[in-house]
$ cat work_13.txt   # compact mmCIF, C-alpha atoms
# COMPACT_ATOMS: atom_id res chain seq x y z
CA MET A 1 121.63 20.25 45.35
CA ILE A 2 121.32 16.79 46.87
CA HIS A 3 124.58 15.13 47.85
CA PRO A 4 125.00 11.59 46.46
CA SER A 5 125.47 10.15 49.97
CA ALA A 6 122.09 11.46 51.20
CA VAL A 7 119.25 8.95 51.66
CA ILE A 8 115.92 10.35 50.44
CA SER A 9 112.64 8.42 50.69
CA LYS A 10 110.37 8.45 47.66
CA ASN A 11 107.37 9.86 49.52
CA THR A 12 108.82 13.33 50.16
CA GLU A 13 108.31 16.83 48.77
CA ILE A 14 111.56 18.78 48.41
CA HIS A 15 111.77 22.12 46.64
CA GLU A 16 114.51 22.31 44.03
CA THR A 17 116.17 25.25 45.82
CA THR A 18 116.76 23.29 49.03
CA ASN A 19 120.28 21.99 49.68
CA ILE A 20 120.74 18.53 51.21
CA GLY A 21 124.31 17.85 52.27
CA PRO A 22 126.31 14.67 52.86
CA TYR A 23 124.82 11.74 54.81
CA CYS A 24 121.46 13.36 55.47
CA ILE A 25 118.37 11.15 55.87
CA ILE A 26 114.92 12.35 54.74
CA GLY A 27 112.02 10.03 55.59
CA ASP A 28 108.54 9.46 54.20
CA GLY A 29 106.09 12.29 54.72
CA VAL A 30 108.65 15.09 54.96
CA LYS A 31 107.95 18.36 53.11
CA LEU A 32 110.78 20.86 52.60
CA GLY A 33 110.09 24.32 51.17
CA GLN A 34 112.41 26.78 49.48
CA TYR A 35 116.06 27.51 50.26
CA ASN A 36 116.42 25.25 53.26
CA ASN A 37 119.97 24.14 53.99
CA LEU A 38 120.81 20.76 55.55
CA LEU A 39 124.56 20.95 56.07
CA SER A 40 125.37 17.28 56.75
CA HIS A 41 124.29 14.27 58.86
CA VAL A 42 120.80 15.71 59.42
CA SER A 43 117.85 13.39 60.06
CA ILE A 44 114.34 14.63 59.22
CA THR A 45 111.55 12.08 59.56
CA GLY A 46 107.83 11.73 60.28
CA ASN A 47 105.02 13.97 59.10
CA THR A 48 107.26 17.02 59.20
CA SER A 49 106.47 20.15 57.21
CA ILE A 50 109.17 22.82 56.92
CA ASP A 51 108.71 26.19 55.24
CA ASN A 52 111.58 28.30 53.88
CA ASN A 53 115.14 29.43 54.63
CA ASN A 54 115.81 27.18 57.62
CA THR A 55 119.31 25.91 58.40
CA PHE A 56 119.98 22.52 59.97
CA TYR A 57 123.44 21.83 61.34
CA PRO A 58 125.12 18.41 61.63
CA PHE A 59 123.46 15.70 63.72
CA SER A 60 120.23 17.57 64.34
CA SER A 61 117.30 15.13 64.58
CA ILE A 62 113.97 16.57 63.48
CA GLY A 63 110.62 14.78 63.64
CA SER A 64 111.63 11.52 65.29
CA GLU A 65 109.06 9.75 67.51
CA PRO A 66 108.04 11.43 70.76
CA GLN A 67 109.70 10.34 74.00
CA ASP A 68 106.34 9.51 75.51
CA LEU A 69 105.46 5.98 76.65
CA LYS A 70 101.81 6.66 75.79
CA TYR A 71 102.69 7.26 72.16
CA ASN A 72 101.21 4.43 70.09
CA LYS A 73 102.33 5.18 66.53
CA GLU A 74 99.41 7.56 65.96
CA LYS A 75 99.80 9.89 63.01
CA SER A 76 101.11 13.14 64.44
CA TYR A 77 102.79 16.21 63.02
CA LEU A 78 105.63 18.69 63.29
CA LYS A 79 105.23 22.10 61.65
CA ILE A 80 108.24 24.43 61.27
CA GLY A 81 108.03 27.93 59.82
CA SER A 82 110.78 29.98 58.17
CA ASN A 83 114.20 31.45 58.95
CA ASN A 84 114.98 29.20 61.91
CA LYS A 85 118.39 27.81 62.84
CA PHE A 86 118.84 24.36 64.35
CA ARG A 87 122.37 23.89 65.60
CA GLU A 88 124.27 20.66 66.22
CA ASN A 89 122.48 17.83 68.06
CA VAL A 90 119.15 19.64 68.37
CA THR A 91 116.16 17.29 68.74
CA ILE A 92 112.55 18.17 67.90
CA ASN A 93 109.63 15.73 68.34
CA PRO A 94 106.13 15.76 66.78
CA GLY A 95 102.88 15.77 68.72
CA THR A 96 100.85 13.06 70.44
CA SER A 97 97.15 12.27 70.80
CA GLY A 98 97.26 13.70 74.33
CA GLY A 99 98.24 17.13 73.05
CA GLY A 100 96.41 17.63 69.78
CA LEU A 101 98.93 15.72 67.62
CA ASN A 102 100.96 18.82 66.72
CA THR A 103 104.27 20.38 67.63
CA VAL A 104 104.59 23.86 66.10
CA ILE A 105 107.59 26.18 65.68
CA ALA A 106 107.02 29.58 64.08
CA ASP A 107 109.70 31.83 62.53
CA ASN A 108 113.13 33.33 63.23
CA CYS A 109 114.01 31.09 66.17
CA LEU A 110 117.47 29.92 67.22
CA PHE A 111 117.93 26.47 68.75
CA MET A 112 121.50 26.24 69.98
CA VAL A 113 123.61 23.10 70.46
CA GLY A 114 121.85 20.19 72.15
CA SER A 115 118.54 21.94 72.84
CA HIS A 116 115.39 19.81 72.87
CA VAL A 117 111.73 20.48 72.01
CA ALA A 118 109.44 17.67 73.15
CA HIS A 119 106.03 16.59 71.84
CA ASP A 120 103.11 19.02 71.57
CA CYS A 121 105.14 22.15 72.26
CA ILE A 122 104.08 25.45 70.70
CA ILE A 123 106.92 27.91 70.05
CA LYS A 124 106.22 31.30 68.54
CA SER A 125 108.62 33.61 66.70
CA ASN A 126 112.03 35.03 67.66
CA VAL A 127 112.55 32.55 70.49
CA ILE A 128 116.07 31.49 71.54
CA LEU A 129 116.96 28.24 73.28
CA ALA A 130 120.62 28.37 74.36
CA ASN A 131 122.85 25.31 74.56
CA ASN A 132 121.17 22.26 76.13
CA ALA A 133 117.96 24.07 77.06
CA THR A 134 115.19 21.45 77.25
CA LEU A 135 111.42 21.62 76.97
CA ALA A 136 109.17 18.87 78.29
CA GLY A 137 105.91 18.08 76.51
CA HIS A 138 103.09 20.59 76.02
CA VAL A 139 105.23 23.66 76.78
CA GLU A 140 104.17 26.97 75.19
CA ILE A 141 106.68 29.76 74.55
CA ASP A 142 105.56 33.15 73.32
CA ASN A 143 107.38 35.60 71.03
CA ASN A 144 110.89 36.87 71.84
CA ALA A 145 111.43 34.71 74.93
CA ILE A 146 114.98 33.56 75.73
CA LEU A 147 115.95 30.38 77.59
CA GLY A 148 119.48 30.23 78.98
CA GLY A 149 121.84 27.31 78.68
CA ASN A 150 121.02 24.07 80.54
CA SER A 151 117.62 25.38 81.62
CA ALA A 152 114.72 22.92 81.91
CA ILE A 153 111.00 23.63 81.53
CA HIS A 154 108.38 21.35 83.14
CA GLN A 155 105.56 19.96 81.01
CA PHE A 156 102.52 22.21 80.43
CA VAL A 157 104.39 25.34 81.52
CA ARG A 158 103.78 28.59 79.60
CA ILE A 159 106.58 31.11 79.06
CA GLY A 160 105.28 34.60 78.24
CA LYS A 161 106.60 36.91 75.54
CA TYR A 162 109.93 38.67 76.17
CA ALA A 163 110.51 36.51 79.25
CA MET A 164 114.09 35.61 80.14
CA ILE A 165 115.02 32.32 81.80
CA GLY A 166 118.52 32.32 83.25
CA GLY A 167 121.01 29.55 82.59
CA MET A 168 120.73 26.32 84.63
CA SER A 169 117.22 27.23 85.83
CA GLY A 170 114.41 24.77 86.50
CA VAL A 171 110.92 26.14 85.78
CA GLU A 172 107.81 24.31 87.01
CA LYS A 173 105.18 27.09 86.85
CA ASP A 174 104.15 29.66 84.24
CA ILE A 175 106.36 32.72 83.71
CA ILE A 176 104.51 35.96 82.95
CA PRO A 177 105.38 38.08 79.90
CA TYR A 178 108.46 40.25 80.49
CA GLY A 179 109.42 38.19 83.54
CA LEU A 180 113.00 37.36 84.56
CA TYR A 181 113.51 33.99 86.21
CA THR A 182 116.63 32.40 87.66
CA GLY A 183 116.92 29.44 89.99
CA ILE A 184 115.29 26.07 90.54
CA ARG A 185 111.65 25.95 91.66
CA GLU A 186 111.90 29.44 93.11
CA ASN A 187 109.99 32.71 92.82
CA MET A 188 110.79 35.23 90.14
CA LYS A 189 113.32 37.92 90.93
CA SER A 190 112.26 40.83 88.72
CA LEU A 191 111.06 41.94 85.33
CA ASN A 192 113.23 41.52 82.24
CA PHE A 193 114.23 45.19 82.20
CA ILE A 194 116.77 44.68 79.42
CA GLY A 195 114.08 43.14 77.22
CA LEU A 196 111.72 46.02 77.95
CA LYS A 197 114.40 48.54 77.02
CA ARG A 198 115.22 46.66 73.82
CA LYS A 199 111.54 46.84 72.96
CA GLY A 200 111.85 50.63 73.07
CA LEU A 201 109.86 51.39 76.22
CA THR A 202 110.58 54.59 78.13
CA SER A 203 111.79 54.62 81.72
CA ASN A 204 108.43 55.99 82.86
CA THR A 205 106.52 53.17 81.19
CA ILE A 206 108.88 50.57 82.64
CA ASN A 207 108.37 52.05 86.11
CA GLU A 208 104.61 51.85 85.66
CA ILE A 209 104.90 48.19 84.70
CA LYS A 210 107.11 47.59 87.74
CA ASN A 211 104.54 49.23 90.03
CA PHE A 212 101.83 47.11 88.42
CA ILE A 213 103.79 43.94 89.18
CA ASN A 214 104.11 44.98 92.83
CA ILE A 215 100.33 45.45 93.03
CA ILE A 216 99.40 42.29 91.17
CA PHE A 217 101.64 40.02 93.24
CA ASP A 218 100.87 41.61 96.62
CA LYS A 219 100.68 38.58 98.90
CA ASN A 220 97.96 40.11 101.06
CA ASP A 221 95.39 38.96 98.51
CA THR A 222 95.01 36.74 95.46
CA ILE A 223 96.19 37.76 92.00
CA GLU A 224 92.60 37.70 90.77
CA ASN A 225 91.43 40.04 93.51
CA ASN A 226 94.43 42.32 93.08
CA ILE A 227 93.46 42.80 89.42
CA LYS A 228 89.79 43.33 90.25
CA ASN A 229 90.24 45.63 93.23
CA ASN A 230 92.71 47.92 91.49
CA PHE A 231 90.81 48.28 88.18
CA LEU A 232 93.91 47.19 86.31
CA LYS A 233 91.90 45.99 83.34
CA SER A 234 91.54 49.63 82.32
CA SER A 235 95.30 50.18 81.92
CA GLU A 236 96.33 51.77 78.62
CA ILE A 237 99.81 50.24 78.68
CA LEU A 238 99.98 47.36 76.20
CA GLU A 239 102.45 45.34 78.25
CA ILE A 240 100.23 45.50 81.34
CA LYS A 241 97.25 44.36 79.26
CA GLU A 242 99.32 41.44 77.97
CA VAL A 243 100.31 40.38 81.49
CA ILE A 244 96.69 40.58 82.67
CA GLU A 245 95.53 38.54 79.68
CA PHE A 246 98.21 35.94 80.45
CA LEU A 247 97.18 35.75 84.11
CA ASN A 248 93.49 35.43 83.23
CA SER A 249 94.03 32.61 80.72
CA ASN A 250 94.09 28.94 81.56
CA SER A 251 97.09 27.68 83.53
CA LYS A 252 97.71 23.99 84.17
CA ARG A 253 100.81 24.54 86.29
CA GLY A 254 100.01 27.74 88.19
CA ILE A 255 101.85 31.07 88.11
CA THR A 256 105.38 31.74 89.32
CA THR A 257 105.07 34.58 91.84
CA PHE A 258 107.53 37.33 92.76
CA ASP A 259 109.82 37.89 95.70
CA ASN A 260 108.39 41.29 96.60
CA ASP A 261 108.69 41.38 100.36
$ encode --input "work_13.txt" --output "structure tokens"
Amino acid sequence: MIHPSAVISKNTEIHETTNIGPYCIIGDGVKLGQYNNLLSHVSITGNTSIDNNNTFYPFSSIGSEPQDLKYNKEKSYLKIGSNNKFRENVTINPGTSGGGLNTVIADNCLFMVGSHVAHDCIIKSNVILANNATLAGHVEIDNNAILGGNSAIHQFVRIGKYAMIGGMSGVEKDIIPYGLYTGIRENMKSLNFIGLKRKGLTSNTINEIKNFINIIFDKNDTIENNIKNNFLKSSEILEIKEVIEFLNSNSKRGITTFDND
């Protein structure tokens, strides 16, 4: 169904099962897969490719030009997977030449009212951005992370899987997987114990991860040396391996450390 009031450019690909409601605008280059639902007043523009079963609520703006003064009309892209929800007034921008020209959103994510995803962000599956959560450019968010309302993430920051960012927080350095962060430009407070429990981990395993965090962020030495000196690479616990891999990978902003005094 396409409502008569919708404005659809000729150079689009829209599957016949997709619903386009009143006063929606679909620009050149947009591709819409199966069973997407644009409720009303939705704008989708640019080289935007959307898979299946996504829902777009009124006044969401998807694929408009990046808010980057260096952007010079280069051909860039926005790729959205399946089963995502974009609530009212959500804004998502495509990539730029400074970030590989691509913004990517995977599957099963929820973008609540007024949340913003800037250029060149990479968001994996099952991520939640609560009301008015905002991502600057080049942010990477791994699976199952949650960002609280009115939180703000600095450009180039990485948020690890199952991390939890509390409401009204300001994050300027990377957050490790399973980390819990609240505050503005502060250290982390603890692990995301609720997320670990929801994942099905036992109390013993969670305690081992907690002890690992205490070792890895011991301020008497560097993180790199703490890993090396304690042979933590040999850990059989998946979550510890994931944290070590995160810490050993490239970081442009540095790592948020723990208050463990």
$ atom_distance --input "work_13.txt" --atom1 "CA of Asn102 in chain A" --atom2 "CA of Asp120 in chain A"
5.3 Å
$ residues_around --input "work_13.txt" --residues "Ser190 in chain A" --least-positions-apart "4" --cutoff "12 Å" --atoms "all atoms listed in the file" --output "PyMOL selection string"
chain A and resi 163-166+175-182+194-196+206+209-211+213-214+217+256-260
$ atom_distance --input "work_13.txt" --atom1 "CA of Lys31 in chain A" --atom2 "CA of Ser82 in chain A"
13.0 Å
$ residues_around --input "work_13.txt" --residues "Tyr77 in chain A" --least-positions-apart "2" --cutoff "12 Å" --atoms "all atoms listed in the file" --output "ChimeraX atom specification"
/A:29-31,45-50,62-66,73-75,79-80,92-97,99-105,119-121
$ atom_distance --input "work_13.txt" --atom1 "CA of Ala145 in chain A" --atom2 "CA of Ile128 in chain A"
6.6 Å
$ residues_around --input "work_13.txt" --residues "Asp28 in chain A" --least-positions-apart "3" --cutoff "6 Å" --atoms "only C-alpha atoms" --output "compact mmCIF listing (two decimals) with C-alpha atoms, keeping the file's coordinate frame"
# COMPACT_ATOMS: atom_id res chain seq x y z
CA SER A 9 112.64 8.42 50.69
CA ASN A 11 107.37 9.86 49.52
CA THR A 12 108.82 13.33 50.16
$ closest_residue --input "work_13.txt" --among "A:Lys124, A:Ser60, A:Arg185, A:Met168" --to "Cys24 in chain A" --atoms "all atoms listed in the file"
A:Ser60
$ residues_around --input "work_13.txt" --residues "range 247-249 of chain A" --least-positions-apart "5" --cutoff "10 Å" --atoms "only C-alpha atoms" --output "PyMOL selection string"
chain A and resi 174-177+216+223-224+227+241-242+254-255
$ closest_residue --input "work_13.txt" --among "A:Gly98, A:Gly33, A:Asp68, A:Thr55" --to "Asn83 in chain A" --atoms "all atoms listed in the file"
A:Thr55
$ closest_residue --input "work_13.txt" --among "A:Gly183, A:Gly170, A:Gly160, A:Gly114" --to "Ile244 in chain A" --atoms "only C-alpha atoms"
A:Gly160
$ decode --input "work_13.txt" --residues "range 181-196 of chain A" --atoms "N, CA and C atoms" --output "PDB file, in the first residue's frame"
ATOM      1  N   TYR A 181      28.445   2.116  32.645  1.00  0.00           N
ATOM      2  CA  TYR A 181      28.991   3.474  32.743  1.00  0.00           C
ATOM      3  C   TYR A 181      27.881   4.464  33.066  1.00  0.00           C
ATOM      4  N   THR A 182      28.132   5.308  34.048  1.00  0.00           N
ATOM      5  CA  THR A 182      27.244   6.431  34.339  1.00  0.00           C
ATOM      6  C   THR A 182      28.094   7.642  34.652  1.00  0.00           C
ATOM      7  N   GLY A 183      27.638   8.803  34.259  1.00  0.00           N
ATOM      8  CA  GLY A 183      28.373  10.026  34.556  1.00  0.00           C
ATOM      9  C   GLY A 183      28.821  10.742  33.304  1.00  0.00           C
ATOM     10  N   ILE A 184      29.641  11.784  33.509  1.00  0.00           N
ATOM     11  CA  ILE A 184      30.136  12.599  32.401  1.00  0.00           C
ATOM     12  C   ILE A 184      31.653  12.670  32.501  1.00  0.00           C
ATOM     13  N   ARG A 185      32.325  12.054  31.518  1.00  0.00           N
ATOM     14  CA  ARG A 185      33.787  12.029  31.471  1.00  0.00           C
ATOM     15  C   ARG A 185      34.372  11.502  32.782  1.00  0.00           C
ATOM     16  N   GLU A 186      33.819  10.407  33.264  1.00  0.00           N
ATOM     17  CA  GLU A 186      34.282   9.791  34.491  1.00  0.00           C
ATOM     18  C   GLU A 186      34.786   8.377  34.225  1.00  0.00           C
ATOM     19  N   ASN A 187      35.272   7.707  35.268  1.00  0.00           N
ATOM     20  CA  ASN A 187      35.619   6.297  35.165  1.00  0.00           C
ATOM     21  C   ASN A 187      34.368   5.441  35.235  1.00  0.00           C
ATOM     22  N   MET A 188      34.515   4.182  34.856  1.00  0.00           N
ATOM     23  CA  MET A 188      33.393   3.259  34.964  1.00  0.00           C
ATOM     24  C   MET A 188      33.206   2.841  36.412  1.00  0.00           C
ATOM     25  N   LYS A 189      31.979   2.487  36.741  1.00  0.00           N
ATOM     26  CA  LYS A 189      31.651   2.136  38.115  1.00  0.00           C
ATOM     27  C   LYS A 189      31.727   0.633  38.368  1.00  0.00           C
ATOM     28  N   SER A 190      31.270  -0.171  37.395  1.00  0.00           N
ATOM     29  CA  SER A 190      31.223  -1.617  37.615  1.00  0.00           C
ATOM     30  C   SER A 190      30.945  -2.318  36.299  1.00  0.00           C
ATOM     31  N   LEU A 191      30.801  -3.618  36.376  1.00  0.00           N
ATOM     32  CA  LEU A 191      30.310  -4.395  35.251  1.00  0.00           C
ATOM     33  C   LEU A 191      28.783  -4.285  35.167  1.00  0.00           C
ATOM     34  N   ASN A 192      28.259  -4.634  34.005  1.00  0.00           N
ATOM     35  CA  ASN A 192      26.811  -4.690  33.819  1.00  0.00           C
ATOM     36  C   ASN A 192      26.320  -6.057  34.304  1.00  0.00           C
ATOM     37  N   PHE A 193      26.184  -6.196  35.622  1.00  0.00           N
ATOM     38  CA  PHE A 193      25.846  -7.492  36.201  1.00  0.00           C
ATOM     39  C   PHE A 193      24.469  -7.974  35.745  1.00  0.00           C
ATOM     40  N   ILE A 194      23.533  -7.047  35.575  1.00  0.00           N
ATOM     41  CA  ILE A 194      22.205  -7.453  35.103  1.00  0.00           C
ATOM     42  C   ILE A 194      22.300  -8.050  33.705  1.00  0.00           C
ATOM     43  N   GLY A 195      23.090  -7.414  32.839  1.00  0.00           N
ATOM     44  CA  GLY A 195      23.272  -7.949  31.494  1.00  0.00           C
ATOM     45  C   GLY A 195      23.927  -9.316  31.490  1.00  0.00           C
ATOM     46  N   LEU A 196      24.908  -9.518  32.385  1.00  0.00           N
ATOM     47  CA  LEU A 196      25.562 -10.815  32.476  1.00  0.00           C
ATOM     48  C   LEU A 196      24.590 -11.900  32.951  1.00  0.00           C
TER      49      LEU A 196
END
